[in-house]
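Undergrad: Below are the structure tokens for one structure; questions will follow.
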Amino acid sequence: MVIIEQLINGLALGGVYALIALGFTLIFGVLRLFHISHGDVFMFSGYVMVSIAIFGFGNLPFWIVLILAMAIAALLGAGVERIAFLPYRKSEEIIPLISGIGVSLILQNLAMLIWGPGQFNYKLDVGIRDLSFAGIQITGIRVVILLTCVVIVLLFNYWLFRTRTGRAVRATASDPQTASMMGIRPEWIILITFTVGSSLAGAATALVGALYGAIYPSLGFSMGLKAFAASILGGLGSMTGAIVGGLLLGILEVLTASYINVALQDAVAMAIVIGVLLLRPNGILGKSVEEKL
Amino acid sequence: MRKKIWLVVALVLLALFPVVVTDLYIQRIAVVSCIFAILASSLGILVGQVRLVSAGHAGFFGIGAYTSALLTTKGEMPFLVGFIGAIVLTALVGFLFSLPVLRLKGHYLAMATLAFGIITQMVLLNWESLTNGPNGIPGIPYAALFFLDLDTDRKMYYFTLILLLLILWGLHRLYQSPVGRAFHLIREDAVAAAALGVHTVRFKVIAFTLSAGLAGLAGSLFAHYMSFINFDTFSPLESFMILSMVVVGGMQTLLGPVLGAVLLTSIPEMLRELSDYRMLIYGVVLVLVLLFRPQGILGKNTRKQLSK
């Protein structure tokens with residue numbers, strides 16, 4: 001029964017990774033840009049969320065905190081896009097990458113200045129008691145995480161594949177020039193992409209907050225790396241890939257931590273990145289793209 | 001002619017610098033700037049000349065530093081053995097790493113190298129029997145050439161400066177040679193390069209090996225100058241710093257990475273009183289430089305920038 005509990009733990013962790021990876025891969029799909037500060041948007045909105053939800057208003061109910069975190073991250077992500085990426089649409093791809101590094105430094109150090117460099121502990125109450133079913137113990141937080149992830153992914157899916165805006169986003173991702181000839185404004189779509197993608201990271205930050213109850217300035221970088229590993233694993237630019245990759249990564253990490261060595265937990269993501277890039281650069285679900293040289 | 005005069009003036013100024021400025025603290029910054037100038041120039045080969053973005057250069061830097069430090073402390077070898085060992089081993093690692101990885105392009109390559117840097121740091125941290133784990137390696141001896149001990153900042157300054165100038169001279173020659181032109185052709189259009197019969201993979205491997213070897217050289221200098229190293233220095237953040245030096249200075253020019261290294265090493269030192277805000281200002285500077293001079297401070301205007 002331990003193995004089932006661990007699988008559920010892995011799924012919950014993986015669900016969080018999947019949410020961050022979804023935003024990451026969406027932004028990559030539309031802009032062909034590695035949003036290196038995506039993890040820092042996650043971290044910074046986490047800090048703002050905690051400050052407002054706990055110190056501003058006392059303990060708000062969890063669903064309000066979740067929506068709040070999504071709104072904060074959406075605003076922050078859109079702001080980052082306007083300042084750090086908008087000027088470099090036509091530049092070589094290394095320029096926005098460096099610009100993103102600059103944003104990363106700014107967000108991390110701002111967080112350090114405002115909230116201090118150490119770990120910051122808090123408690124978010126999700127309002128569900130722990131479940132016990134046929135000898136399997138599941139904490140209420142993990143149930144909430146799994147449910148939230150499913151709901152958000154379904155909503156996101158509906159938005160991307162069933163609405164006009166979603167169709168415009170997909171059109172821009174597949175061919176920006178043709179899309180703009182069909183009357184889609186690419187700049188508008190890019191802004192929407194960042195807003196939606198970052199809001200997913202905001203949802204993840206609320207869930208991670210409920211799960212660990214701790215935040216620190218470098219959390220964003222490590223989470224960003226894992227989301228990146230997850231989307232590489234599933235195939236960059238693929239939405240299903242990001243979800244599958246995130247869940248797989250979460251399960252692999254939990255299994256590594258409990259059966260091999262806790263110290264290796266963080267190495268899993270990096271091993272995956274190197275392995276997948278070498279063996280199947282398009283990811284396990286990615287279609288093979290014709291290679292230019 | 002005019003260029004030559006400027007060059008001589010610059011060389012004289014550089015040579016007189018530690019005689020005129022006797023403040024040890026500033027001399028120390030000058031030495032560190034020289035070491036980072038070598039490191040940034042090594043990355044400049046990849047990023048500026050061939051357009052292979054490495055986001056894990058601190059990994060090569062670290063391998064060089066640890067090789068040299070371990071050979072001279074645990075191995076009790078003289079400095080020169082550690083120095084050459086560091087260059088050779090790092091170049092070898094770069095060569096072996098480049099073979100599978102150079103199939104990747106653009107962002108994918110950047111991310112594979114980022115992962116390489118992170119894994120290298122993990123190895124440095126966790127291979128405790130060799131690297132002392134989190135405690136690092138203390139008591140690394142000073143650099144010494146045969147019977148000349150480089151035990152003062154001034155001597156070390158001249159040593160690193162001469163190495164830097166030699167490397168720059170070598171790179172200058174390289175960039176104008178057929179190899180350098182092949183690099184530039186690959187940078188501008190890899191397909192056209194291949195169509196013209198340039199063996200792109202071979203030249204990329206050459207660039208990667210050379211770059212790694214020079215990063216190892218810088219690592220060795222760093223270890224012997226600091227006399228203490230630990231895994232913390234060779235983080236992904238450091239890789240980003242090196243990349244920023246190259247881009248801020250002007251990645252396609254010979255002297256751009258050098259200028260970037262000097263600026264980004266000395267500016268944080270000047271802001272030492274504002275130490276809490278240091279990295280924040282660093283980030284802001286990075287974003288602003290890109291905004292106003294995306295081609296770098298020394299870079300020439302090209303049609304690729306900004307236009308909308």
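Order determines the names: the first chain of the structure tokens is A, the second B, and so forth; residues in each chain are numbered 1 upward, and ligands are numbered 1 upward as they are shown.
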Which residues of chain B are close to chain A, meaning at most 8 Å apart when you count only C-alpha atoms, and how do they look as a ChimeraX atom specification?

TA: /B:53,100-101,104,106-108,112,115-116,118-119,122,190-191,240,243-244,247,276-277,279-284,286-287,290-291,294,304-308

Undergrad: Residues near Ala15 of chain B, anyone? I mean within 10 Å using only C-alpha atoms, not counting same-chain ones fewer than 5 positions away, as a PyMOL selection string.

TA: chain B and resi 9-10+20+157-158+161-162

Undergrad: Could you check which of A:Asn157, A:Ser45, A:Ser231, A:Gln6 is closest to Ala257 of chain A, using only C-alpha atoms?

TA: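 Distance minimum relative to Ala257 of chain A lands on A:Gln6.
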
Undergrad: Rounded to one decimal, what separation in Å do you get between atom CA of Ile184 of chain A and atom CA of Arg170 of chain A?

TA: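 Atom CA of Arg170 of chain A lies at a distance of 11.0 Å from atom CA of Ile184 of chain A.
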
Undergrad: Quick one: of A:Ile27, A:Ala21, A:Leu160, A:Leu7, who's nearest to Gly245 of chain A, counting only C-alpha atoms?

TA: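 Answer, going by the shortest atom-to-atom distance: A:Ala21.
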
Undergrad: Excluding Gly56 of chain B and its own-chain neighbours fewer than 5 positions away, which residues fall within 7 Å of it when counting only C-alpha atoms? Please give them as a short mmCIF file (atom, residue, chain, number, x, y, z; two decimals) with C-alpha atoms, in the first residue's frame.

TA:
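What ended up in out-v6.cif:
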data_model
loop_
_atom_site.label_atom_id
_atom_site.label_comp_id
_atom_site.auth_asym_id
_atom_site.auth_seq_id
_atom_site.Cartn_x
_atom_site.Cartn_y
_atom_site.Cartn_z
CA THR B 113 24.77 23.06 -21.51
CA LEU B 114 22.83 24.54 -18.59
CA PHE B 116 25.77 20.13 -17.92
CA GLY B 117 26.74 23.03 -15.65
CA PRO B 236 24.44 28.20 -12.87
CA SER B 239 27.38 30.67 -15.93
#

Undergrad: Out of A:Val30, A:Ala12, A:Leu19, A:Ala69, which residue has the shortest atom-to-atom distance to Ala173 of chain A when counting only C-alpha atoms?

TA: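 That would be A:Val30, the residue with the smallest distance to Ala173 of chain A.
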
Undergrad: One decimal, in Å: what's the spacing between atom CA of Leu164 of chain B and atom CA of Gln27 of chain B?

TA: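 Value for the atom CA of Leu164 of chain B-atom CA of Gln27 of chain B distance: 16.0 Å.
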
Undergrad: Quick one, how far is atom CA of Gly283 of chain A from atom CA of Phe161 of chain A?

TA: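 Taking atom CA of Gly283 of chain A and atom CA of Phe161 of chain A, their separation equals 21.9 Å.
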
Undergrad: Using only C-alpha atoms, which protein or nucleic acid residues come within 8 Å of Ile63 of chain B? Drop anything in the same chain fewer than 4 positions from it, and give the result as a list in words.

TA: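 In the requested format, the answer is Gly59, Thr67, Ala86, Thr90, Thr120, Gly216 and Gly219 of chain B.
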
Undergrad: Those same residues, written as a PDB file, in the first residue's frame with C-alpha atoms?

TA:
ATOM      1  CA  GLY B  59      31.047  23.909 -15.306  1.00  0.00           C
ATOM      2  CA  THR B  67      41.727  19.749 -11.483  1.00  0.00           C
ATOM      3  CA  ALA B  86      43.521  21.639 -16.016  1.00  0.00           C
ATOM      4  CA  THR B  90      38.792  20.504 -19.444  1.00  0.00           C
ATOM      5  CA  THR B 120      29.010  19.405 -12.844  1.00  0.00           C
ATOM      6  CA  GLY B 216      39.869  25.406 -17.764  1.00  0.00           C
ATOM      7  CA  GLY B 219      39.743  28.029 -13.695  1.00  0.00           C
TER       8      GLY B 219
END

Undergrad: Can you work out which one of B:Met156, B:Met111, B:Val258, B:Asp189 has the shortest atom-to-atom distance to Ala55 of chain B, counting only C-alpha atoms?

TA: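 Using only C-alpha atoms, the shortest distance to Ala55 of chain B belongs to B:Met111.
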
Undergrad: Nearest to Arg82 of chain A among A:Leu31, A:Leu191, A:Leu248, A:Val50, with distances taken over only C-alpha atoms: which residue is it?

TA: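 Among the listed residues, A:Leu191 lies closest to Arg82 of chain A.
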